[in-house]
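Undergrad: My structure is in work-v2.txt, and what it holds is compact mmCIF, C-alpha atoms:
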# COMPACT_ATOMS: atom_id res chain seq x y z
CA MET A 1 21.52 97.63 0.38
CA ASP A 2 24.80 96.92 2.15
CA ALA A 3 25.71 93.73 3.95
CA ALA A 4 25.16 95.22 7.42
CA THR A 5 21.67 96.29 6.53
CA LYS A 6 20.87 92.88 5.05
CA LEU A 7 22.11 91.23 8.22
CA SER A 8 19.97 93.41 10.48
CA ILE A 9 16.73 92.62 8.66
CA SER A 10 17.30 88.97 7.98
CA PRO A 11 14.86 86.60 9.73
CA LYS A 12 15.84 85.09 13.09
CA PRO A 13 17.08 81.58 12.93
CA THR A 14 14.44 78.92 13.64
CA CYS A 15 14.71 76.23 16.29
CA SER A 16 16.50 73.10 15.31
CA GLY A 17 14.69 69.76 15.08
CA SER A 18 15.98 68.73 18.50
CA GLU A 19 14.66 71.95 20.04
CA ASP A 20 11.22 71.33 18.44
CA ARG A 21 11.15 67.92 20.01
CA ARG A 22 12.00 69.37 23.41
CA VAL A 23 9.11 71.85 23.13
CA GLN A 24 6.72 69.06 22.15
CA MET A 25 7.90 66.89 25.05
CA THR A 26 7.29 69.81 27.42
CA THR A 27 3.78 70.59 26.15
CA LYS A 28 2.49 67.01 25.91
CA PRO A 29 2.42 66.35 29.68
CA ILE A 30 0.67 69.69 30.22
CA THR A 31 -1.97 68.81 27.62
CA ALA A 32 -2.39 65.34 29.11
CA GLU A 33 -2.78 66.83 32.60
CA ILE A 34 -5.45 69.27 31.40
CA GLY A 35 -7.29 66.44 29.65
CA SER A 36 -7.08 64.29 32.77
CA GLU A 37 -8.49 67.10 34.92
CA ALA A 38 -11.38 67.62 32.47
CA ALA A 39 -12.11 63.89 32.44
CA GLY A 40 -12.02 63.82 36.24
CA ALA A 41 -14.38 66.80 36.47
CA TRP A 42 -16.83 65.15 34.07
CA ARG A 43 -16.64 61.89 36.03
CA ILE A 44 -17.55 63.70 39.24
CA ARG A 45 -20.41 65.46 37.46
CA ALA A 46 -21.64 62.09 36.13
CA TYR A 47 -21.62 60.71 39.68
CA GLN A 48 -23.63 63.73 40.84
CA ILE A 49 -26.22 63.26 38.06
CA ALA A 50 -26.42 59.55 38.86
CA TRP A 51 -26.87 60.48 42.54
CA ALA A 52 -29.81 62.72 41.57
CA LEU A 53 -31.38 59.75 39.77
CA GLY A 54 -30.60 57.66 42.84
CA LEU A 55 -32.70 60.16 44.80
CA CYS A 56 -35.60 59.37 42.44
CA PHE A 57 -35.07 55.67 43.18
CA TYR A 58 -35.12 56.40 46.91
CA PHE A 59 -38.25 58.55 46.53
CA LEU A 60 -40.07 55.67 44.81
CA GLU A 61 -38.75 53.18 47.37
CA TYR A 62 -40.13 55.18 50.28
CA ALA A 63 -43.43 55.82 48.49
CA SER A 64 -43.85 52.07 48.05
CA ARG A 65 -42.91 51.52 51.69
CA SER A 66 -45.42 53.98 53.14
CA ALA A 67 -48.36 53.74 50.70
CA PRO A 68 -49.87 50.60 52.30
CA ALA A 69 -50.52 52.55 55.52
CA VAL A 70 -53.41 54.38 53.81
CA MET A 71 -54.84 51.31 52.08
CA ILE A 72 -55.09 48.85 54.98
CA GLN A 73 -58.82 48.32 54.43
CA HIS A 74 -58.39 47.90 50.67
CA LEU A 75 -55.62 45.35 51.19
CA SER A 76 -57.57 43.54 53.90
CA THR A 77 -60.46 43.05 51.48
CA ALA A 78 -58.24 42.12 48.53
CA PHE A 79 -56.13 39.63 50.46
CA GLY A 80 -59.04 38.26 52.48
CA THR A 81 -57.38 38.81 55.86
CA SER A 82 -57.57 41.06 58.94
CA ALA A 83 -55.59 44.23 59.61
CA ILE A 84 -53.14 42.15 61.65
CA GLY A 85 -52.78 39.79 58.67
CA VAL A 86 -52.08 42.75 56.38
CA SER A 87 -49.51 44.00 58.91
CA ALA A 88 -47.77 40.60 58.75
CA ILE A 89 -47.61 40.82 54.94
CA LEU A 90 -46.26 44.38 55.04
CA GLY A 91 -43.71 43.48 57.72
CA THR A 92 -41.98 40.95 55.47
CA TYR A 93 -40.55 43.96 53.61
CA TYR A 94 -38.07 44.56 56.43
CA TYR A 95 -36.79 40.97 56.48
CA THR A 96 -35.55 41.10 52.90
CA TYR A 97 -34.60 44.77 53.17
CA SER A 98 -32.25 44.18 56.10
CA THR A 99 -30.61 41.02 54.74
CA THR A 100 -30.28 42.25 51.15
CA SER A 101 -28.62 45.44 52.43
CA LEU A 102 -25.55 43.30 53.12
CA VAL A 103 -25.55 42.03 49.54
CA ALA A 104 -26.09 45.54 48.17
CA GLY A 105 -23.18 47.05 50.09
CA ALA A 106 -20.73 44.29 49.14
CA ALA A 107 -21.87 44.34 45.51
CA LEU A 108 -21.31 48.11 45.29
CA ASP A 109 -17.79 47.80 46.67
CA ARG A 110 -17.03 44.93 44.29
CA LEU A 111 -18.82 45.94 41.06
CA GLY A 112 -19.66 49.66 41.31
CA ALA A 113 -22.98 51.48 41.03
CA LYS A 114 -23.54 51.08 37.28
CA LYS A 115 -23.81 47.29 37.51
CA VAL A 116 -25.66 47.13 40.82
CA VAL A 117 -28.16 49.97 41.36
CA PRO A 118 -30.29 49.31 38.24
CA VAL A 119 -30.68 45.67 39.29
CA GLY A 120 -32.11 46.80 42.62
CA ILE A 121 -34.62 49.18 41.07
CA PHE A 122 -35.80 46.56 38.58
CA ILE A 123 -36.41 44.13 41.47
CA LEU A 124 -38.45 46.86 43.21
CA ALA A 125 -40.43 47.40 39.98
CA ILE A 126 -41.33 43.70 39.79
CA GLY A 127 -42.35 43.74 43.45
CA CYS A 128 -44.64 46.75 42.95
CA LEU A 129 -46.34 45.20 39.93
CA LEU A 130 -46.76 41.84 41.67
CA PHE A 131 -48.20 43.44 44.82
CA SER A 132 -51.14 44.71 42.75
CA VAL A 133 -52.39 41.12 42.29
CA SER A 134 -55.21 40.45 44.76
CA THR A 135 -53.93 37.24 46.36
CA THR A 136 -52.12 36.65 49.63
CA ALA A 137 -49.28 34.78 47.90
CA ALA A 138 -48.74 37.67 45.47
CA GLY A 139 -48.88 40.11 48.39
CA TYR A 140 -46.18 38.28 50.32
CA THR A 141 -43.97 37.75 47.26
CA GLY A 142 -44.40 41.31 46.03
CA ARG A 143 -43.59 42.77 49.42
CA LEU A 144 -40.52 40.54 49.80
CA LEU A 145 -39.27 41.69 46.39
CA GLN A 146 -39.98 45.32 47.28
CA GLY A 147 -37.82 44.97 50.38
CA ALA A 148 -35.01 43.25 48.46
CA GLY A 149 -34.96 45.86 45.68
CA SER A 150 -35.30 48.78 48.07
CA ALA A 151 -32.14 47.74 49.89
CA PHE A 152 -30.18 49.08 46.91
CA ALA A 153 -31.81 52.54 47.00
CA PHE A 154 -30.26 54.32 49.96
CA THR A 155 -27.06 52.26 49.84
CA GLY A 156 -26.63 53.08 46.16
CA ALA A 157 -27.45 56.77 46.59
CA VAL A 158 -24.95 57.13 49.44
CA TYR A 159 -22.30 55.31 47.40
CA LEU A 160 -22.84 57.72 44.50
CA ALA A 161 -22.81 60.71 46.87
CA ALA A 162 -19.53 59.54 48.43
CA HIS A 163 -17.97 59.52 44.95
CA GLY A 164 -19.55 62.78 43.80
CA PHE A 165 -19.04 65.06 46.82
CA SER A 166 -16.16 65.94 49.12
CA ALA A 167 -16.03 64.50 52.65
CA ARG A 168 -16.81 67.93 54.10
CA TRP A 169 -20.27 67.88 52.47
CA LEU A 170 -20.99 64.18 52.81
CA ALA A 171 -23.31 64.48 55.82
CA THR A 172 -25.28 67.19 54.00
CA ALA A 173 -25.54 65.00 50.88
CA ILE A 174 -26.71 62.06 52.97
CA GLY A 175 -29.24 64.34 54.68
CA VAL A 176 -30.57 65.50 51.30
CA THR A 177 -30.77 61.86 50.21
CA GLN A 178 -32.92 60.94 53.19
CA CYS A 179 -34.92 64.15 52.71
CA ILE A 180 -35.98 63.04 49.24
CA GLY A 181 -36.73 59.57 50.50
CA MET A 182 -39.02 60.88 53.19
CA LEU A 183 -40.66 63.19 50.66
CA GLY A 184 -41.55 59.95 48.90
CA GLY A 185 -42.77 58.59 52.23
CA ALA A 186 -45.00 61.62 52.68
CA ALA A 187 -46.29 61.32 49.11
CA GLY A 188 -47.07 57.67 49.76
CA GLN A 189 -49.58 58.83 52.37
CA PHE A 190 -50.39 62.46 51.64
CA ALA A 191 -50.99 61.96 47.90
CA VAL A 192 -52.13 58.34 47.76
CA GLY A 193 -54.79 58.76 50.47
CA PRO A 194 -56.75 61.47 48.57
CA TRP A 195 -56.38 59.51 45.32
CA LEU A 196 -58.01 56.51 46.95
CA GLU A 197 -60.74 58.75 48.38
CA HIS A 198 -61.44 60.02 44.86
CA GLY A 199 -61.86 56.56 43.39
CA VAL A 200 -58.40 55.69 42.05
CA ALA A 201 -57.96 51.92 42.27
CA TRP A 202 -55.29 50.86 44.74
CA GLN A 203 -53.86 48.53 42.08
CA SER A 204 -53.20 51.53 39.81
CA ILE A 205 -50.90 53.05 42.43
CA TRP A 206 -48.65 49.99 42.24
CA HIS A 207 -48.73 49.98 38.44
CA TRP A 208 -47.54 53.60 38.39
CA LEU A 209 -44.79 52.94 40.93
CA GLY A 210 -43.54 49.92 39.00
CA THR A 211 -43.44 51.76 35.69
CA ALA A 212 -41.61 54.76 37.19
CA CYS A 213 -39.00 52.41 38.67
CA VAL A 214 -38.26 50.89 35.26
CA VAL A 215 -37.70 54.34 33.70
CA VAL A 216 -35.35 55.50 36.47
CA GLY A 217 -33.42 52.22 36.37
CA ILE A 218 -32.73 52.58 32.65
CA LEU A 219 -31.49 56.17 33.11
CA ILE A 220 -29.14 55.20 35.96
CA PHE A 221 -27.66 52.39 33.87
CA PHE A 222 -26.75 54.75 31.03
CA ILE A 223 -25.51 57.69 33.15
CA ALA A 224 -23.61 56.15 36.08
CA PRO A 225 -19.86 56.01 35.30
CA SER A 226 -18.20 52.67 34.65
CA GLU A 227 -15.63 51.73 37.26
CA SER A 228 -12.45 49.78 36.69
CA ARG A 229 -11.92 47.61 39.73
CA PRO A 230 -8.69 45.93 40.84
CA GLN A 231 -8.93 42.16 40.85
CA ALA A 232 -10.37 41.19 44.21
CA SER A 233 -8.20 38.90 46.28
CA GLY A 234 -9.96 35.64 46.86
CA SER A 235 -13.16 34.60 45.20
CA GLY A 236 -16.72 33.64 45.91
CA LEU A 237 -18.29 34.06 49.32
CA ALA A 238 -15.01 34.81 51.10
CA SER A 239 -14.35 37.94 49.03
CA LEU A 240 -17.90 39.18 49.69
CA ILE A 241 -17.65 38.58 53.42
CA ARG A 242 -14.24 40.23 53.86
CA PRO A 243 -15.49 43.87 53.83
CA TYR A 244 -18.19 43.00 56.38
CA ALA A 245 -15.62 41.30 58.58
CA ILE A 246 -13.97 44.72 58.82
CA VAL A 247 -17.24 46.54 59.51
CA PHE A 248 -18.62 44.06 62.04
CA ARG A 249 -15.39 43.71 63.99
CA ASN A 250 -15.81 47.35 64.93
CA PRO A 251 -18.06 47.79 68.03
CA GLN A 252 -18.89 51.30 66.85
CA SER A 253 -20.71 49.79 63.86
CA TYR A 254 -23.15 48.00 66.17
CA LEU A 255 -23.74 51.17 68.18
CA CYS A 256 -24.46 53.12 64.96
CA GLY A 257 -26.96 50.46 63.85
CA ALA A 258 -28.70 50.27 67.21
CA VAL A 259 -29.05 54.05 67.56
CA ALA A 260 -30.28 54.50 63.99
CA GLY A 261 -32.70 51.58 64.36
CA LEU A 262 -34.21 52.86 67.59
CA LEU A 263 -34.70 56.32 66.06
CA PHE A 264 -36.06 54.94 62.79
CA VAL A 265 -38.57 52.44 64.16
CA PRO A 266 -41.08 55.00 65.52
CA THR A 267 -41.46 56.29 61.94
CA THR A 268 -41.20 53.04 59.96
CA ILE A 269 -43.51 51.03 62.24
CA GLY A 270 -45.16 53.58 64.54
CA ASP A 271 -46.18 55.99 61.78
CA MET A 272 -45.81 54.37 58.34
CA THR A 273 -47.49 51.10 59.29
CA TRP A 274 -49.79 51.86 62.23
CA GLY A 275 -50.06 55.67 62.39
CA VAL A 276 -53.24 56.16 60.34
CA ALA A 277 -55.01 53.28 62.11
CA PHE A 278 -54.12 54.54 65.59
CA PHE A 279 -55.21 58.11 64.87
CA GLN A 280 -58.41 56.91 63.24
CA ARG A 281 -59.45 54.28 65.82
CA ASP A 282 -57.96 55.45 69.10
CA ARG A 283 -58.12 59.22 68.60
CA MET A 284 -61.34 59.06 66.52
CA PHE A 285 -59.91 61.18 63.69
CA SER A 286 -61.64 60.97 60.32
CA TYR A 287 -59.78 59.00 57.65
CA HIS A 288 -58.73 62.24 55.95
CA ASP A 289 -57.45 63.82 59.18
CA ALA A 290 -55.64 60.61 60.17
CA VAL A 291 -53.87 60.51 56.79
CA VAL A 292 -52.87 64.18 56.98
CA THR A 293 -51.61 63.83 60.56
CA GLY A 294 -49.60 60.68 59.86
CA SER A 295 -48.05 62.10 56.68
CA LEU A 296 -46.62 65.07 58.61
CA VAL A 297 -43.95 62.79 60.12
CA PRO A 298 -42.25 61.89 56.80
CA LEU A 299 -42.91 65.45 55.61
CA GLY A 300 -40.96 66.68 58.63
CA TRP A 301 -38.09 64.46 57.56
CA VAL A 302 -37.92 66.43 54.33
CA ILE A 303 -36.87 69.40 56.47
CA GLY A 304 -35.04 67.59 59.23
CA CYS A 305 -32.69 65.29 57.29
CA PRO A 306 -30.78 68.01 55.40
CA LEU A 307 -31.09 70.37 58.37
CA LEU A 308 -29.53 67.96 60.88
CA GLY A 309 -26.91 66.85 58.35
CA TRP A 310 -26.01 70.47 57.61
CA LEU A 311 -25.87 71.24 61.33
CA ALA A 312 -23.53 68.31 61.96
CA ASP A 313 -21.27 69.50 59.11
CA GLN A 314 -21.26 73.12 60.26
CA MET A 315 -20.48 72.26 63.89
CA GLY A 316 -17.88 69.75 62.75
CA ARG A 317 -19.30 67.41 65.39
CA ARG A 318 -21.78 64.56 64.96
CA LYS A 319 -22.86 63.67 68.50
CA PRO A 320 -24.38 67.02 69.61
CA ALA A 321 -26.59 67.12 66.51
CA LEU A 322 -27.56 63.46 66.99
CA ILE A 323 -28.37 63.65 70.71
CA GLY A 324 -30.03 67.06 70.41
CA GLY A 325 -32.30 65.81 67.64
CA ALA A 326 -33.21 62.71 69.68
CA VAL A 327 -34.11 64.85 72.70
CA VAL A 328 -36.46 66.94 70.55
CA MET A 329 -37.96 63.69 69.21
CA LEU A 330 -38.61 62.61 72.77
CA ALA A 331 -40.41 65.87 73.60
CA ALA A 332 -42.49 65.71 70.40
CA ALA A 333 -43.44 62.08 71.06
CA ALA A 334 -44.67 63.10 74.51
CA LEU A 335 -46.74 65.90 72.95
CA ILE A 336 -48.35 63.47 70.49
CA THR A 337 -48.97 60.88 73.20
CA PHE A 338 -50.55 63.07 75.86
CA SER A 339 -52.16 65.91 73.88
CA THR A 340 -55.80 66.16 72.86
CA GLY A 341 -57.20 67.49 69.61
CA HIS A 342 -56.09 67.50 66.02
CA GLN A 343 -53.84 70.57 66.02
CA ALA A 344 -51.55 69.49 68.86
CA ALA A 345 -51.13 66.04 67.30
CA GLN A 346 -50.28 67.54 63.91
CA ILE A 347 -47.77 70.01 65.38
CA GLY A 348 -46.22 67.18 67.37
CA CYS A 349 -45.96 64.95 64.28
CA LEU A 350 -44.30 67.67 62.22
CA ILE A 351 -41.75 68.46 64.96
CA PHE A 352 -41.17 64.75 65.52
CA GLY A 353 -40.48 64.27 61.82
CA ILE A 354 -38.05 67.20 61.67
CA ALA A 355 -36.12 65.98 64.71
CA SER A 356 -36.09 62.42 63.35
CA GLY A 357 -33.55 63.60 60.81
CA ALA A 358 -31.05 62.84 63.55
CA ALA A 359 -31.46 59.14 62.71
CA MET A 360 -29.35 59.70 59.59
CA ILE A 361 -26.28 60.96 61.44
CA PRO A 362 -25.15 57.43 62.47
CA TYR A 363 -25.01 56.67 58.71
CA THR A 364 -22.29 59.30 58.43
CA ILE A 365 -20.53 58.15 61.59
CA ILE A 366 -20.29 54.50 60.50
CA LYS A 367 -18.56 55.56 57.28
CA GLU A 368 -16.09 57.62 59.28
CA VAL A 369 -15.24 54.96 61.87
CA ASN A 370 -14.50 52.36 59.15
CA PRO A 371 -11.85 52.36 56.35
CA ASP A 372 -12.58 54.10 53.05
CA GLU A 373 -12.40 50.89 51.03
CA VAL A 374 -15.53 49.53 52.72
CA LYS A 375 -17.81 52.56 52.25
CA GLY A 376 -20.52 50.55 50.49
CA SER A 377 -20.31 47.70 52.96
CA ALA A 378 -20.49 50.11 55.90
CA THR A 379 -23.76 51.52 54.54
CA GLY A 380 -25.04 48.02 53.84
CA GLY A 381 -24.06 46.99 57.35
CA ILE A 382 -25.90 49.82 59.06
CA ASN A 383 -28.95 49.23 56.89
CA PHE A 384 -28.88 45.58 57.97
CA LEU A 385 -28.61 46.53 61.64
CA THR A 386 -31.11 49.40 61.47
CA PHE A 387 -33.85 47.48 59.73
CA GLY A 388 -33.00 44.35 61.67
CA VAL A 389 -34.18 46.39 64.67
CA THR A 390 -37.29 47.30 62.68
CA ALA A 391 -37.96 43.67 61.73
CA LEU A 392 -37.57 42.66 65.39
CA VAL A 393 -39.63 45.44 66.96
CA GLY A 394 -42.47 45.40 64.39
CA PRO A 395 -43.98 42.03 65.40
CA ILE A 396 -43.48 42.81 69.10
CA PHE A 397 -45.43 46.06 68.76
CA ALA A 398 -48.15 44.35 66.70
CA ASP A 399 -48.54 41.60 69.31
CA LEU A 400 -48.49 43.90 72.34
CA LEU A 401 -50.51 46.85 71.05
CA GLY A 402 -51.54 46.46 67.40
CA LYS A 403 -54.08 43.75 68.08
CA GLY A 404 -55.59 45.71 70.98
CA PHE A 405 -57.90 47.72 68.71
CA ALA A 406 -60.59 45.04 68.85
CA SER A 407 -60.43 44.37 72.59
CA THR A 408 -59.61 47.66 74.28
CA GLN A 409 -62.31 49.47 76.22
CA ASN A 410 -60.23 52.62 76.65
CA HIS A 411 -58.87 53.84 73.34
CA ILE A 412 -57.11 56.88 74.82
CA ALA A 413 -55.18 54.65 77.24
CA HIS A 414 -54.37 52.30 74.36
CA PHE A 415 -53.01 55.21 72.29
CA ARG A 416 -50.88 56.42 75.20
CA GLN A 417 -49.46 52.95 75.81
CA SER A 418 -48.30 52.86 72.20
CA GLY A 419 -46.74 56.32 72.59
CA LEU A 420 -44.86 55.25 75.71
CA PHE A 421 -43.52 52.24 73.80
CA TRP A 422 -41.85 54.55 71.27
CA ILE A 423 -40.71 57.01 73.94
CA GLY A 424 -38.84 54.19 75.69
CA GLY A 425 -37.03 53.30 72.45
CA ILE A 426 -35.96 56.90 71.84
CA ALA A 427 -34.67 57.23 75.41
CA LEU A 428 -32.56 54.09 74.94
CA ALA A 429 -31.16 55.55 71.70
CA ILE A 430 -30.05 58.68 73.57
CA VAL A 431 -28.21 56.57 76.16
CA LEU A 432 -26.44 54.51 73.48
CA SER A 433 -25.49 57.66 71.52
CA SER A 434 -23.29 58.79 74.39
CA PHE A 435 -20.99 55.81 73.69
CA LEU A 436 -20.46 56.69 70.02
CA ARG A 437 -17.07 58.04 68.95
CA GLU A 438 -17.04 61.66 67.79
CA THR A 439 -15.86 61.69 64.15
CA GLY A 440 -16.50 65.30 63.05
CA HIS A 441 -13.73 67.37 61.50
CA ALA A 442 -13.73 69.84 64.43
CA ARG A 443 -12.58 67.05 66.74
CA LYS A 444 -9.75 66.15 64.36
CA SER A 445 -8.51 69.75 64.18
CA ALA A 446 -8.80 70.37 67.91
Transcribe the structure of this file into structure tokens.
TA:
Amino acid sequence: MDAATKLSISPKPTCSGSEDRRVQMTTKPITAEIGSEAAGAWRIRAYQIAWALGLCFYFLEYASRSAPAVMIQHLSTAFGTSAIGVSAILGTYYYTYSTTSLVAGAALDRLGAKKVVPVGIFILAIGCLLFSVSTTAAGYTGRLLQGAGSAFAFTGAVYLAAHGFSARWLATAIGVTQCIGMLGGAAGQFAVGPWLEHGVAWQSIWHWLGTACVVVGILIFFIAPSESRPQASGSGLASLIRPYAIVFRNPQSYLCGAVAGLLFVPTTIGDMTWGVAFFQRDRMFSYHDAVVTGSLVPLGWVIGCPLLGWLADQMGRRKPALIGGAVVMLAAAALITFSTGHQAAQIGCLIFGIASGAAMIPYTIIKEVNPDEVKGSATGGINFLTFGVTALVGPIFADLLGKGFASTQNHIAHFRQSGLFWIGGIALAIVLSSFLRETGHARKSA
């Protein structure tokens, strides 16, 4: 073989050491970027799984909130007090719920969900177990603990949703969150009522709720991502108050809380506390029919919360969905108040529940009218304002109309007076909604 032939078939020269190093330097950043993207995708997925567990927490929270409505007589006997006395015990839930919401929101912004949400659900578990003890002191303490622990449920779920979903789908995610919560509210009446009718001890309901809370809390602790937080400026109370100073300096925050509170209170107090009693005593429904009718309101929320959230996202505007839903609530409340017969009341309750999904839209608005770094505190703030309205209105309604069962001579008139009370609150919410700032993406792109 001649030299030319040898030269043509000889192997190509390899890269020098310096060239190898240049190739490695080029590929390392690409590999690191791919790894970072995979880690980021898994982190988002972990937030979404933790959010799903947060929905279970919220389901249990709402079940524990609504279940007492179908066991008023059982609780009255166990605690040795009247229905008004039981109402006072149940109402303490909203005092700790509203105030602890502030703590929950600030704690989430400061520590993250992994360190905060499980604590809330364990407090709720203790409250459920303690509430099963047949003494007034245990009833008050258990209900106070239930309210304090429950304050972490919705706030925590929204925090996890805000980290697991894009802003474009946040209202839908919040609507789904409230949907699951109200499914728990419906189960607290629709399922618990028949169980009690079939001989299940009311104490067992609270044992089951407490045990389920412990299981969910453990799962959230292990699945929620850890969060590295920058060192907070300041320390102690000042650093906790600072995010709320931002939220509560904004007048729109107060409007969001007032509107949400006025739209919530007909369900939290009107239906979940007094609904079964009013249908049974004033409308003369059987216990079974009263339970079924009352449970249709939270069942309607299961449809209405994601529906109204989706509608607000699709329109790219918050206020039309909010005000439209409130107007439908007003019409449904009038149907319930002035109709006769079981069917009209049940249809009215279902429509009322669906339209009540509008009450969740201010929860999206308050996050959009405040800076991103106070997302948790904004949710805590609106929970404080919303259920502050509930804590204020609950005793007023009990004093004006709740105690009238024993003295009224005209139960139909008594029922209609209670309906007009809630109609007035909804009408005020519609007026206040007109002063809210439009925050939807369609307004920003217009």
Undergrad: Rounded to one decimal, what separation in Å do you get between atom CA of A:Ala326 and atom CA of A:Gly309?
TA: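 Interatomic distance, atom CA of A:Ala326 to atom CA of A:Gly309: 13.6 Å.
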Undergrad: Which is closer to A:Asp399 than all the others in A:Gly300, A:Thr92, A:Leu53, A:Ser418, using all atoms listed in the file?
TA: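 Distance minimum relative to A:Asp399 lands on A:Ser418.
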Undergrad: Which residues are near stretch 278-289 of chain A? Cut-off 9 Å, only C-alpha atoms, ignore same chain within fewer than 3 positions. Put them as a PDB file with C-alpha atoms, in the frame of the given file.
TA:
ATOM      1  CA  VAL A  70     -53.410  54.380  53.810  1.00  0.00           C
ATOM      2  CA  GLY A 193     -54.790  58.760  50.470  1.00  0.00           C
ATOM      3  CA  PRO A 194     -56.750  61.470  48.570  1.00  0.00           C
ATOM      4  CA  GLU A 197     -60.740  58.750  48.380  1.00  0.00           C
ATOM      5  CA  ASP A 271     -46.180  55.990  61.780  1.00  0.00           C
ATOM      6  CA  TRP A 274     -49.790  51.860  62.230  1.00  0.00           C
ATOM      7  CA  GLY A 275     -50.060  55.670  62.390  1.00  0.00           C
ATOM      8  CA  VAL A 292     -52.870  64.180  56.980  1.00  0.00           C
ATOM      9  CA  THR A 293     -51.610  63.830  60.560  1.00  0.00           C
ATOM     10  CA  GLY A 294     -49.600  60.680  59.860  1.00  0.00           C
ATOM     11  CA  THR A 340     -55.800  66.160  72.860  1.00  0.00           C
ATOM     12  CA  GLY A 341     -57.200  67.490  69.610  1.00  0.00           C
ATOM     13  CA  HIS A 342     -56.090  67.500  66.020  1.00  0.00           C
ATOM     14  CA  GLY A 402     -51.540  46.460  67.400  1.00  0.00           C
ATOM     15  CA  PHE A 405     -57.900  47.720  68.710  1.00  0.00           C
ATOM     16  CA  ASN A 410     -60.230  52.620  76.650  1.00  0.00           C
ATOM     17  CA  HIS A 411     -58.870  53.840  73.340  1.00  0.00           C
ATOM     18  CA  ILE A 412     -57.110  56.880  74.820  1.00  0.00           C
ATOM     19  CA  ALA A 413     -55.180  54.650  77.240  1.00  0.00           C
ATOM     20  CA  HIS A 414     -54.370  52.300  74.360  1.00  0.00           C
ATOM     21  CA  PHE A 415     -53.010  55.210  72.290  1.00  0.00           C
ATOM     22  CA  SER A 418     -48.300  52.860  72.200  1.00  0.00           C
TER      23      SER A 418
END
Undergrad: Using only C-alpha atoms, which of the listed residues (A:Ile426, A:Val327, A:Val117, A:Val276) sits closest to A:Leu55?
TA: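 The shortest atom-to-atom distance to A:Leu55 comes from A:Val117.
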Undergrad: Just the number, please: distance in Å from atom CA of A:His74 to atom CA of A:Val297, one decimal.
TA: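 So the two atoms, atom CA of A:His74 and atom CA of A:Val297, lie 22.8 Å apart.
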Undergrad: As lines of an AutoDock Vina configuration file, what would the box around stretch 90-108 of chain A look like: edges along x, y and z, 5 Å added on every side, centre and edge lengths in Å to one decimal?
TA:
center_x = -33.5
center_y = 44.5
center_z = 51.5
size_x = 35.5
size_y = 17.2
size_z = 22.4
Undergrad: When you look at stretch 169-178 of chain A with a cut-off of 7 Å (counting all atoms listed in the file), what residues show up, excluding the ones that are within fewer than 6 positions of it in the same chain? I need them as number ranges by chain.
TA: A: 55, 158, 161-162, 305-306, 309-310, 313, 360, 364
Undergrad: Tell me which protein, DNA and RNA residues are within 10 Å of stretch 395-397 of chain A, counting all atoms listed in the file, leaving out same-chain ones fewer than 6 positions away, and put them as JSON, numbers by chain.
TA: {"A": [84, 87, 88, 91, 269, 270, 274, 403, 418, 421, 422]}
